[in-house]
>>> print(open('data-v8.tsv').read())   # TSV, C-alpha atoms and all ligand atoms
chain	number	residue	atom	x	y	z
A	437	MET	CA	-63.11	-20.31	10.23
A	438	ASN	CA	-60.62	-22.52	8.48
A	439	MET	CA	-61.89	-21.23	5.15
A	440	ILE	CA	-61.35	-17.61	6.25
A	441	LYS	CA	-57.84	-18.41	7.47
A	442	HIS	CA	-57.15	-20.22	4.23
A	443	SER	CA	-58.30	-17.31	2.04
A	444	ARG	CA	-56.30	-14.83	4.17
A	445	LEU	CA	-53.24	-17.01	3.70
A	446	THR	CA	-53.86	-17.20	-0.05
A	447	ALA	CA	-54.22	-13.40	-0.23
A	448	PHE	CA	-51.01	-12.97	1.77
A	449	LEU	CA	-49.12	-15.37	-0.48
A	450	LEU	CA	-50.46	-13.69	-3.61
A	451	CYS	CA	-49.43	-10.24	-2.34
A	452	SER	CA	-45.97	-11.54	-1.46
A	453	ALA	CA	-45.59	-13.13	-4.88
A	454	VAL	CA	-46.61	-9.88	-6.61
A	455	PHE	CA	-44.21	-7.90	-4.42
A	456	LEU	CA	-41.36	-10.33	-5.04
A	457	SER	CA	-41.87	-10.38	-8.79
A	458	LEU	CA	-42.08	-6.57	-8.85
A	459	THR	CA	-38.80	-6.41	-6.93
A	460	ALA	CA	-37.29	-8.90	-9.37
A	461	VAL	CA	-38.47	-6.82	-12.37
A	462	MET	CA	-36.97	-3.68	-10.80
A	463	ALA	CA	-33.70	-5.44	-10.06
A	464	ALA	CA	-33.57	-6.86	-13.58
A	465	ASP	CA	-34.25	-3.37	-14.95
A	466	ASN	CA	-31.39	-1.91	-12.93
A	467	GLU	CA	-29.18	-4.75	-14.06
A	468	LYS	CA	-30.17	-4.12	-17.67
A	469	LYS	CA	-29.21	-0.46	-17.32
A	470	ALA	CA	-25.83	-1.41	-15.89
A	471	LYS	CA	-25.01	-4.05	-18.51
A	472	PRO	CA	-22.48	-3.37	-21.24
A	473	VAL	CA	-23.76	-2.23	-24.60
A	474	PRO	CA	-24.40	-4.61	-27.52
A	475	ASN	CA	-21.12	-3.84	-29.29
A	476	GLY	CA	-19.42	-5.63	-26.43
A	477	PHE	CA	-17.24	-2.79	-25.23
A	478	ARG	CA	-17.81	-1.76	-21.67
A	479	THR	CA	-15.21	1.00	-21.58
A	480	ALA	CA	-14.12	3.67	-24.07
A	481	LEU	CA	-10.62	5.12	-24.15
A	482	ILE	CA	-10.59	8.58	-25.67
A	483	TYR	CA	-7.31	9.85	-27.01
A	484	ASP	CA	-5.96	12.09	-29.79
A	485	ASP	CA	-2.37	12.71	-30.90
A	486	LEU	CA	-3.33	16.39	-31.02
A	487	PHE	CA	-3.06	16.43	-27.21
A	488	LEU	CA	0.72	16.16	-27.71
A	489	GLU	CA	0.80	19.51	-29.53
A	490	HIS	CA	0.58	21.44	-26.26
A	491	ASP	CA	4.34	21.96	-25.92
A	492	THR	CA	5.40	23.03	-22.43
A	493	GLY	CA	9.16	23.00	-23.10
A	494	PRO	CA	11.98	20.90	-21.67
A	495	GLY	CA	11.95	19.86	-18.02
A	496	PHE	CA	8.34	20.85	-17.36
A	497	PRO	CA	6.42	18.18	-15.37
A	498	GLU	CA	3.25	18.35	-17.50
A	499	HIS	CA	4.80	17.26	-20.79
A	500	PRO	CA	3.61	15.31	-23.88
A	501	ASP	CA	5.62	12.22	-22.90
A	502	ARG	CA	3.07	11.58	-20.15
A	503	LEU	CA	0.52	10.59	-22.77
A	504	ARG	CA	3.07	8.80	-24.95
A	505	ARG	CA	4.00	6.62	-21.98
A	506	LEU	CA	0.39	6.07	-20.99
A	507	THR	CA	-0.87	4.97	-24.42
A	508	LYS	CA	2.22	2.81	-25.05
A	509	HIS	CA	1.76	1.07	-21.70
A	510	LEU	CA	-1.94	0.42	-22.27
A	511	LYS	CA	-1.29	-0.93	-25.78
A	512	GLU	CA	1.36	-3.31	-24.46
A	513	ASN	CA	-1.18	-4.77	-22.07
A	514	GLU	CA	-4.09	-7.14	-22.53
A	515	ILE	CA	-6.63	-4.49	-21.48
A	516	SER	CA	-6.06	-2.51	-24.70
A	517	LYS	CA	-8.02	-5.02	-26.80
A	518	ARG	CA	-11.00	-4.77	-24.52
A	519	LEU	CA	-11.24	-0.98	-24.86
A	520	LEU	CA	-13.12	0.98	-27.48
A	521	TRP	CA	-10.37	3.38	-28.60
A	522	VAL	CA	-11.93	6.56	-29.98
A	523	LYS	CA	-10.91	10.07	-30.92
A	524	PRO	CA	-12.87	13.12	-29.84
A	525	ASP	CA	-15.99	13.47	-31.97
A	526	GLU	CA	-15.32	15.96	-34.80
A	527	GLN	CA	-19.04	16.82	-34.87
A	528	ILE	CA	-18.84	18.39	-31.42
A	529	ASP	CA	-18.05	22.10	-31.36
A	530	PRO	CA	-16.52	22.56	-27.89
A	531	ILE	CA	-16.43	26.38	-28.00
A	532	PRO	CA	-20.03	27.14	-26.93
A	533	TRP	CA	-19.59	24.66	-24.07
A	534	ILE	CA	-16.30	26.25	-23.02
A	535	HIS	CA	-18.18	29.56	-22.92
A	536	GLU	CA	-20.65	28.02	-20.47
A	537	MET	CA	-17.92	27.97	-17.82
A	538	HIS	CA	-15.29	30.47	-19.00
A	539	ASP	CA	-15.30	34.16	-19.89
A	540	LYS	CA	-15.29	34.69	-23.66
A	541	LYS	CA	-12.59	37.34	-23.27
A	542	TYR	CA	-10.22	34.83	-21.69
A	543	VAL	CA	-10.89	32.21	-24.41
A	544	VAL	CA	-10.16	34.76	-27.15
A	545	GLU	CA	-7.01	35.91	-25.34
A	546	LEU	CA	-5.69	32.35	-25.04
A	547	LYS	CA	-6.18	31.80	-28.77
A	548	ARG	CA	-4.48	35.08	-29.60
A	549	ALA	CA	-1.49	34.36	-27.35
A	550	CYS	CA	-1.04	30.86	-28.84
A	551	ASP	CA	-1.39	32.11	-32.44
A	552	ALA	CA	1.16	34.84	-31.69
A	553	GLY	CA	3.65	32.23	-30.49
A	554	GLU	CA	3.81	33.55	-26.94
A	555	LYS	CA	5.38	31.25	-24.37
A	556	ARG	CA	3.39	31.98	-21.21
A	557	MET	CA	-0.18	32.75	-20.28
A	558	HIS	CA	-0.61	35.74	-17.92
A	559	GLU	CA	3.22	35.82	-17.61
A	560	SER	CA	2.85	32.83	-15.29
A	561	GLY	CA	5.47	30.10	-15.04
A	562	ASP	CA	2.86	27.45	-14.25
A	563	THR	CA	1.03	27.84	-17.56
A	564	PRO	CA	3.49	27.67	-20.45
A	565	ILE	CA	1.83	27.76	-23.87
A	566	SER	CA	2.82	27.01	-27.45
A	567	LYS	CA	1.33	27.38	-30.94
A	568	GLY	CA	-0.59	24.14	-30.46
A	569	THR	CA	-1.94	24.79	-26.96
A	570	TYR	CA	-5.29	26.30	-27.92
A	571	GLU	CA	-6.07	23.49	-30.36
A	572	ALA	CA	-5.01	20.83	-27.83
A	573	ALA	CA	-7.02	22.44	-25.03
A	574	THR	CA	-10.20	22.77	-27.11
A	575	ARG	CA	-9.79	19.21	-28.39
A	576	ALA	CA	-9.37	18.00	-24.80
A	577	VAL	CA	-12.77	19.55	-24.01
A	578	ALA	CA	-14.22	17.83	-27.09
A	579	GLY	CA	-12.73	14.58	-25.75
A	580	ALA	CA	-14.47	15.06	-22.40
A	581	LEU	CA	-17.79	15.78	-24.15
A	582	THR	CA	-17.32	12.74	-26.40
A	583	ALA	CA	-16.91	10.63	-23.26
A	584	VAL	CA	-20.19	12.02	-21.90
A	585	ASP	CA	-21.98	11.30	-25.20
A	586	LEU	CA	-20.69	7.72	-25.42
A	587	VAL	CA	-21.85	6.97	-21.88
A	588	MET	CA	-25.18	8.79	-22.11
A	589	LYS	CA	-26.02	7.17	-25.47
A	590	LYS	CA	-25.11	3.78	-23.93
A	591	LYS	CA	-22.44	3.08	-26.54
A	592	VAL	CA	-20.32	2.07	-23.56
A	593	THR	CA	-20.91	1.76	-19.83
A	594	ASN	CA	-18.09	4.09	-18.85
A	595	ALA	CA	-15.21	6.01	-20.40
A	596	PHE	CA	-11.71	7.21	-19.63
A	597	ALA	CA	-10.34	10.19	-21.53
A	598	ALA	CA	-6.54	10.44	-21.67
A	599	LEU	CA	-6.49	14.22	-22.05
A	600	ARG	CA	-4.01	16.99	-21.81
A	601	PRO	CA	-3.81	19.75	-20.90
A	602	PRO	CA	-5.57	18.91	-17.62
A	603	GLY	CA	-8.41	21.11	-16.34
A	604	HIS	CA	-9.26	21.18	-12.65
A	605	HIS	CA	-7.27	24.33	-11.70
A	606	ALA	CA	-8.58	26.40	-14.64
A	607	MET	CA	-10.54	29.40	-13.40
A	608	PRO	CA	-13.52	30.97	-15.21
A	609	ASP	CA	-11.36	33.87	-16.37
A	610	ARG	CA	-7.81	32.52	-16.40
A	611	ALA	CA	-5.43	29.62	-16.88
A	612	LYS	CA	-3.82	28.22	-13.75
A	613	GLY	CA	-1.68	25.30	-12.58
A	614	PHE	CA	-1.02	23.65	-16.00
A	615	CYS	CA	-4.78	23.98	-16.80
A	616	PHE	CA	-6.63	26.07	-19.40
A	617	PHE	CA	-10.23	24.86	-19.59
A	618	GLY	CA	-12.14	23.02	-16.86
A	619	ASN	CA	-12.66	19.74	-18.72
A	620	ALA	CA	-14.61	18.09	-15.88
A	621	ALA	CA	-16.70	21.18	-15.13
A	622	ILE	CA	-17.60	21.68	-18.79
A	623	ALA	CA	-18.47	17.98	-19.13
A	624	ALA	CA	-20.78	18.25	-16.11
A	625	ARG	CA	-22.61	21.26	-17.53
A	626	TYR	CA	-22.83	19.57	-20.95
A	627	ALA	CA	-24.39	16.48	-19.35
A	628	GLN	CA	-26.97	18.73	-17.72
A	629	LYS	CA	-27.80	20.97	-20.67
A	630	HIS	CA	-27.35	18.55	-23.58
A	631	HIS	CA	-28.43	15.30	-21.93
A	632	LYS	CA	-30.93	16.82	-19.49
A	633	LEU	CA	-29.43	15.39	-16.31
A	634	LYS	CA	-30.35	17.05	-13.03
A	635	ARG	CA	-27.59	15.89	-10.70
A	636	VAL	CA	-23.93	15.33	-11.60
A	637	MET	CA	-21.17	14.56	-9.13
A	638	ILE	CA	-17.49	15.27	-9.70
A	639	VAL	CA	-15.04	13.22	-7.64
A	640	ASP	CA	-11.51	14.62	-7.75
A	641	TRP	CA	-8.72	12.32	-6.51
A	642	ASP	CA	-5.79	14.31	-7.92
A	643	VAL	CA	-3.19	15.02	-5.20
A	644	HIS	CA	-3.95	18.74	-5.62
A	645	HIS	CA	-7.24	20.34	-4.74
A	646	GLY	CA	-9.44	21.08	-7.79
A	647	ASP	CA	-9.87	24.76	-6.99
A	648	GLY	CA	-11.12	25.70	-10.47
A	649	THR	CA	-13.92	23.11	-10.40
A	650	GLN	CA	-14.87	24.14	-6.87
A	651	GLU	CA	-15.02	27.80	-7.90
A	652	MET	CA	-17.33	27.06	-10.83
A	653	PHE	CA	-19.92	25.15	-8.80
A	654	LEU	CA	-19.57	26.73	-5.36
A	655	GLU	CA	-23.11	28.16	-5.45
A	656	ASP	CA	-24.63	25.37	-7.54
A	657	PRO	CA	-26.65	22.63	-5.80
A	658	THR	CA	-26.93	20.55	-9.01
A	659	VAL	CA	-23.24	19.64	-9.28
A	660	PHE	CA	-21.69	18.09	-6.18
A	661	PHE	CA	-17.93	18.53	-5.94
A	662	PHE	CA	-16.02	16.06	-3.77
A	663	SER	CA	-12.24	16.24	-3.46
A	664	VAL	CA	-9.57	14.31	-1.62
A	665	HIS	CA	-6.17	15.96	-1.74
A	666	GLN	CA	-2.92	16.39	0.11
A	667	TYR	CA	-3.29	19.35	2.45
A	668	PRO	CA	-1.59	21.70	2.86
A	669	LEU	CA	-0.25	21.75	-0.69
A	670	TYR	CA	-0.78	23.69	-3.92
A	671	PRO	CA	-3.14	25.45	-4.61
A	672	GLY	CA	-3.53	26.33	-0.92
A	673	PRO	CA	-6.51	27.25	1.29
A	674	SER	CA	-9.17	26.40	-1.34
A	675	GLY	CA	-8.88	22.77	-0.20
A	676	SER	CA	-10.04	23.51	3.36
A	677	PRO	CA	-12.80	21.25	4.72
A	678	ASP	CA	-14.54	24.44	5.91
A	679	ILE	CA	-15.48	25.29	2.33
A	680	LYS	CA	-18.82	23.55	1.91
A	681	GLY	CA	-20.50	25.65	-0.77
A	682	LYS	CA	-22.24	29.01	-0.78
A	683	GLY	CA	-25.87	30.13	-0.92
A	684	ALA	CA	-27.95	27.52	-2.76
A	685	GLY	CA	-24.77	25.45	-3.14
A	686	GLU	CA	-24.24	25.14	0.63
A	687	GLY	CA	-23.67	21.47	1.45
A	688	PHE	CA	-22.79	20.48	-2.13
A	689	ASN	CA	-19.01	20.87	-1.82
A	690	LEU	CA	-16.96	18.46	0.26
A	691	ASN	CA	-13.21	18.69	0.75
A	692	VAL	CA	-11.43	15.88	2.55
A	693	PRO	CA	-7.82	16.88	3.20
A	694	LEU	CA	-5.26	14.07	3.56
A	695	GLN	CA	-1.92	14.24	5.33
A	696	ALA	CA	1.34	13.70	3.48
A	697	GLY	CA	2.33	10.05	3.75
A	698	SER	CA	-1.19	8.91	4.75
A	699	GLY	CA	-1.15	6.25	2.00
A	700	ASP	CA	-3.90	4.01	0.61
A	701	ALA	CA	-5.75	3.42	3.89
A	702	ALA	CA	-6.67	7.07	4.45
A	703	VAL	CA	-8.17	7.62	1.01
A	704	ILE	CA	-10.06	4.31	1.03
A	705	LYS	CA	-11.55	5.29	4.38
A	706	ALA	CA	-12.54	8.73	3.04
A	707	PHE	CA	-14.27	7.07	0.07
A	708	GLU	CA	-16.06	4.48	2.19
A	709	THR	CA	-17.31	7.02	4.73
A	710	ASP	CA	-17.48	10.71	3.69
A	711	LEU	CA	-17.87	10.12	-0.04
A	712	ALA	CA	-20.29	7.19	0.28
A	713	GLU	CA	-22.53	9.20	2.59
A	714	ALA	CA	-22.56	12.26	0.31
A	715	PHE	CA	-23.08	10.11	-2.78
A	716	ARG	CA	-26.07	8.22	-1.36
A	717	LYS	CA	-27.68	11.46	-0.28
A	718	PHE	CA	-27.07	13.31	-3.55
A	719	LYS	CA	-27.88	10.36	-5.87
A	720	PRO	CA	-25.97	11.55	-8.94
A	721	GLU	CA	-27.20	10.50	-12.38
A	722	LEU	CA	-23.66	10.75	-13.76
A	723	LEU	CA	-20.30	10.52	-12.05
A	724	ILE	CA	-17.32	12.40	-13.43
A	725	ILE	CA	-13.88	11.57	-12.05
A	726	SER	CA	-11.13	14.17	-12.10
A	727	ALA	CA	-8.57	11.41	-12.24
A	728	GLY	CA	-5.12	12.64	-11.35
A	729	PHE	CA	-2.35	10.13	-10.66
A	730	ASP	CA	0.02	12.40	-8.75
A	731	ALA	CA	-0.88	10.94	-5.35
A	732	TYR	CA	1.11	7.91	-6.53
A	733	ARG	CA	4.13	7.12	-4.35
A	734	ASP	CA	6.87	8.18	-6.81
A	735	ASP	CA	5.30	11.41	-7.95
A	736	PRO	CA	7.63	14.43	-7.84
A	737	LEU	CA	4.74	16.83	-7.04
A	738	GLY	CA	2.88	14.91	-4.34
A	739	ALA	CA	3.61	12.94	-1.19
A	740	LEU	CA	0.47	10.94	-0.34
A	741	GLY	CA	2.28	7.68	-1.14
A	742	TRP	CA	-0.53	5.75	-2.84
A	743	SER	CA	0.07	2.39	-4.55
A	744	SER	CA	-1.10	1.67	-8.09
A	745	GLU	CA	-3.60	-0.88	-6.70
A	746	VAL	CA	-5.49	1.85	-4.84
A	747	TYR	CA	-6.72	3.28	-8.15
A	748	ALA	CA	-8.51	-0.03	-8.82
A	749	LYS	CA	-9.97	-0.04	-5.32
A	750	LEU	CA	-11.27	3.54	-5.57
A	751	THR	CA	-12.77	2.75	-8.98
A	752	GLU	CA	-14.55	-0.30	-7.55
A	753	ILE	CA	-15.98	1.75	-4.69
A	754	LEU	CA	-17.30	4.34	-7.16
A	755	ARG	CA	-18.79	1.70	-9.44
A	756	GLY	CA	-20.48	0.12	-6.45
A	757	LEU	CA	-21.99	3.45	-5.39
A	758	CYS	CA	-23.26	4.09	-8.94
A	759	ARG	CA	-24.79	0.61	-9.11
A	760	GLU	CA	-26.78	1.40	-5.99
A	761	GLN	CA	-28.36	4.17	-8.07
A	762	GLY	CA	-29.16	1.69	-10.85
A	763	HIS	CA	-26.52	2.83	-13.35
A	764	GLU	CA	-22.80	2.79	-13.99
A	765	ARG	CA	-22.44	6.07	-15.83
A	766	ILE	CA	-18.83	7.07	-15.14
A	767	VAL	CA	-16.79	9.53	-17.18
A	768	SER	CA	-13.20	9.65	-16.01
A	769	LEU	CA	-10.90	12.45	-17.17
A	770	LEU	CA	-7.14	12.54	-16.78
A	771	GLU	CA	-5.83	15.39	-14.64
A	772	GLY	CA	-2.27	15.30	-13.17
A	773	GLY	CA	0.24	12.47	-12.72
A	774	TYR	CA	3.92	13.10	-13.28
A	775	SER	CA	5.73	9.89	-12.38
A	776	LYS	CA	6.25	7.09	-14.85
A	777	GLY	CA	4.56	4.54	-12.58
A	778	GLY	CA	1.53	6.69	-11.81
A	779	ILE	CA	0.80	7.51	-15.40
A	780	THR	CA	1.31	3.93	-16.62
A	781	GLU	CA	0.41	1.37	-13.92
A	782	GLY	CA	-1.87	3.71	-11.97
A	783	VAL	CA	-3.94	4.56	-15.04
A	784	ARG	CA	-3.97	0.92	-16.19
A	785	ARG	CA	-5.31	-0.29	-12.82
A	786	HIS	CA	-8.02	2.35	-12.98
A	787	VAL	CA	-9.03	1.50	-16.55
A	788	GLU	CA	-8.94	-2.25	-15.87
A	789	ALA	CA	-11.24	-1.71	-12.91
A	790	LEU	CA	-13.60	0.38	-15.04
A	791	GLU	CA	-13.70	-2.39	-17.64
A	792	ALA	CA	-13.90	-5.40	-15.32
A	793	GLY	CA	-17.15	-7.35	-15.10
A	794	MET	CA	-18.93	-6.67	-11.82
A	795	GLU	CA	-20.78	-9.79	-10.75
A	796	LYS	CA	-21.20	-9.11	-7.07
A	801	ZN	ZN	-2.30	17.47	-9.51
>>> encode(input="data-v8.tsv", output="structure tokens")
Amino acid sequence: MNMIKHSRLTAFLLCSAVFLSLTAVMAADNEKKAKPVPNGFRTALIYDDLFLEHDTGPGFPEHPDRLRRLTKHLKENEISKRLLWVKPDEQIDPIPWIHEMHDKKYVVELKRACDAGEKRMHESGDTPISKGTYEAATRAVAGALTAVDLVMKKKVTNAFAALRPPGHHAMPDRAKGFCFFGNAAIAARYAQKHHKLKRVMIVDWDVHHGDGTQEMFLEDPTVFFFSVHQYPLYPGPSGSPDIKGKGAGEGFNLNVPLQAGSGDAAVIKAFETDLAEAFRKFKPELLIISAGFDAYRDDPLGALGWSSEVYAKLTEILRGLCREQGHERIVSLLEGGYSKGGITEGVRRHVEALEAGMEK
């Protein structure tokens, strides 16, 4: 009897040991995947002076000085040395990827209007153009795709692309709201078609709803679009929480409207509840952030009243959710942000939080 008990105990202990070591191997594997790459850089910063060539004229909120301020501020801070500064990869031809999400006719028309020296796209005041706009906009897409490549090839753990023009209002067939090409949407499709990912999530924390991105994936269950935004505000009813996707895409679109003045607490709560639940269910293999900084308290175009610290907090929440999936593949793309503080301190807090070691 004692012998039987003893052998049962031995078998139990052996099974437990095997289980525990398997768990340890799996945990170590996940940890390995999340570790920074051998070159020592955890985070890439993608930027090109060509982004300044999109000239929107005097007094326009989306102007080249945004990026001048941003890069100057980063370079004056300690974080700069810990970033892998790179330009968009010249080997990437962004045009076929732009065509994945935009009508060819519109792309041709934008090039023609820029080459001809026209000043506005579709006669619209919210999309001024210049000779350099087409080149800047296509290079911005190349920058977004470079960020995807760097992360997918494990050259870095995550990447922030300081792009302009921004992209999340761009529609398949037209420019809109300072945007020409859907940088985040194109990056998501590129990750799927070029890097064979099945599920990509786009989290949009710009103060405005990303109506262009929503439009592009409304019926697509493979790209989950999550947006927090001030509501009501530009661009209007597209940001309604009632819009949850269509057809096969039903349930893969989540809008969380925030009230003017709701501050840091409301967005943190939305991330910790609505977003966390959707994220855990969807299990994205890559996270793309449409990172606008116009919810910052001093922004002339938004009134959510966020601090600069909140951008670090939101980044930490997203990194934590990715780590639960065994990776930290985050590609963050600049959208809006029109105050000096938002575009300098807000971005820096975000990038510092992307780069920071995560021990817990
Ligand atoms: Zn915005």
>>> closest_residue(input="data-v8.tsv", among="A:Ala789, A:Ala549, A:Val692, A:Met652", to="Asp710 of chain A", atoms="all atoms listed in the file")
A:Val692
>>> residues_near_ligand(input="data-v8.tsv", ligand="ligand ZN 801 (chain A)", cutoff="12 Å", atoms="only C-alpha atoms and all ligand atoms", output="short mmCIF file (atom, residue, chain, number, x, y, z; two decimals) with C-alpha atoms, in the coordinates of the input")
data_model
loop_
_atom_site.label_atom_id
_atom_site.label_comp_id
_atom_site.auth_asym_id
_atom_site.auth_seq_id
_atom_site.Cartn_x
_atom_site.Cartn_y
_atom_site.Cartn_z
CA PRO A 497 6.42 18.18 -15.37
CA GLU A 498 3.25 18.35 -17.50
CA PRO A 601 -3.81 19.75 -20.90
CA PRO A 602 -5.57 18.91 -17.62
CA GLY A 603 -8.41 21.11 -16.34
CA HIS A 604 -9.26 21.18 -12.65
CA HIS A 605 -7.27 24.33 -11.70
CA LYS A 612 -3.82 28.22 -13.75
CA GLY A 613 -1.68 25.30 -12.58
CA PHE A 614 -1.02 23.65 -16.00
CA CYS A 615 -4.78 23.98 -16.80
CA ASP A 640 -11.51 14.62 -7.75
CA TRP A 641 -8.72 12.32 -6.51
CA ASP A 642 -5.79 14.31 -7.92
CA VAL A 643 -3.19 15.02 -5.20
CA HIS A 644 -3.95 18.74 -5.62
CA HIS A 645 -7.24 20.34 -4.74
CA GLY A 646 -9.44 21.08 -7.79
CA ASP A 647 -9.87 24.76 -6.99
CA SER A 663 -12.24 16.24 -3.46
CA VAL A 664 -9.57 14.31 -1.62
CA HIS A 665 -6.17 15.96 -1.74
CA GLN A 666 -2.92 16.39 0.11
CA LEU A 669 -0.25 21.75 -0.69
CA TYR A 670 -0.78 23.69 -3.92
CA PRO A 671 -3.14 25.45 -4.61
CA SER A 726 -11.13 14.17 -12.10
CA ALA A 727 -8.57 11.41 -12.24
CA GLY A 728 -5.12 12.64 -11.35
CA PHE A 729 -2.35 10.13 -10.66
CA ASP A 730 0.02 12.40 -8.75
CA ALA A 731 -0.88 10.94 -5.35
CA TYR A 732 1.11 7.91 -6.53
CA ASP A 735 5.30 11.41 -7.95
CA PRO A 736 7.63 14.43 -7.84
CA LEU A 737 4.74 16.83 -7.04
CA GLY A 738 2.88 14.91 -4.34
CA ALA A 739 3.61 12.94 -1.19
CA LEU A 740 0.47 10.94 -0.34
CA LEU A 770 -7.14 12.54 -16.78
CA GLU A 771 -5.83 15.39 -14.64
CA GLY A 772 -2.27 15.30 -13.17
CA GLY A 773 0.24 12.47 -12.72
CA TYR A 774 3.92 13.10 -13.28
CA SER A 775 5.73 9.89 -12.38
CA GLY A 778 1.53 6.69 -11.81
CA ILE A 779 0.80 7.51 -15.40
#
>>> residues_around(input="data-v8.tsv", residues="Phe596 of chain A", least_positions_apart="4", cutoff="8 Å", atoms="only C-alpha atoms", output="number ranges by chain")
A: 479-482, 583, 767-770, 787
>>> atom_distance(input="data-v8.tsv", atom1="atom CA of Val592 of chain A", atom2="atom CA of Lys634 of chain A")
20.9 Å
>>> atom_distance(input="data-v8.tsv", atom1="atom CA of Arg635 of chain A", atom2="atom CA of Leu581 of chain A")
16.6 Å
>>> closest_residue(input="data-v8.tsv", among="A:Ala597, A:Ala624, A:Leu486, A:Val639", to="Ala573 of chain A", atoms="all atoms listed in the file")
A:Leu486
>>> residues_near_point(input="data-v8.tsv", point="(-24.2, 26.5, -3.7)", cutoff="9 Å", atoms="only C-alpha atoms", output="NGL selection string")
:A and (653-659 or 680-689)
>>> closest_residue(input="data-v8.tsv", among="A:Ile679, A:Lys567, A:Glu721, A:Leu750", to="Lys705 of chain A", atoms="all atoms listed in the file")
A:Leu750
>>> decode(input="data-v8.tsv", residues="segment 518-533 of chain A", atoms="N, CA and C atoms", output="short mmCIF file (atom, residue, chain, number, x, y, z; two decimals), in the first residue's frame")
data_model
loop_
_atom_site.label_atom_id
_atom_site.label_comp_id
_atom_site.auth_asym_id
_atom_site.auth_seq_id
_atom_site.Cartn_x
_atom_site.Cartn_y
_atom_site.Cartn_z
N ARG A 518 19.14 56.88 -27.29
CA ARG A 518 18.70 55.48 -27.14
C ARG A 518 17.76 55.05 -28.27
N LEU A 519 17.58 55.95 -29.25
CA LEU A 519 16.70 55.62 -30.38
C LEU A 519 17.51 55.32 -31.62
N LEU A 520 17.01 54.39 -32.41
CA LEU A 520 17.62 54.11 -33.71
C LEU A 520 16.96 55.04 -34.73
N TRP A 521 17.65 56.16 -35.04
CA TRP A 521 17.09 57.13 -35.98
C TRP A 521 17.26 56.60 -37.40
N VAL A 522 16.18 56.45 -38.13
CA VAL A 522 16.29 55.96 -39.51
C VAL A 522 15.37 56.74 -40.45
N LYS A 523 15.78 56.77 -41.70
CA LYS A 523 14.94 57.37 -42.74
C LYS A 523 14.09 56.28 -43.37
N PRO A 524 13.01 56.65 -44.03
CA PRO A 524 12.24 55.63 -44.75
C PRO A 524 13.13 54.87 -45.73
N ASP A 525 12.93 53.57 -45.81
CA ASP A 525 13.74 52.70 -46.64
C ASP A 525 13.52 53.02 -48.13
N GLU A 526 14.60 53.42 -48.82
CA GLU A 526 14.51 53.78 -50.24
C GLU A 526 14.11 52.58 -51.11
N GLN A 527 14.34 51.38 -50.59
CA GLN A 527 14.04 50.17 -51.38
C GLN A 527 12.53 49.90 -51.44
N ILE A 528 11.79 50.53 -50.55
CA ILE A 528 10.34 50.29 -50.56
C ILE A 528 9.66 51.21 -51.56
N ASP A 529 8.90 50.61 -52.48
CA ASP A 529 8.07 51.41 -53.38
C ASP A 529 6.68 51.50 -52.75
N PRO A 530 6.30 52.67 -52.23
CA PRO A 530 5.02 52.75 -51.51
C PRO A 530 3.79 52.72 -52.42
N ILE A 531 3.99 53.01 -53.73
CA ILE A 531 2.82 53.21 -54.61
C ILE A 531 1.90 51.97 -54.68
N PRO A 532 2.44 50.77 -54.93
CA PRO A 532 1.50 49.63 -54.98
C PRO A 532 0.74 49.44 -53.67
N TRP A 533 1.35 49.80 -52.56
CA TRP A 533 0.70 49.64 -51.25
C TRP A 533 -0.34 50.73 -51.03
#
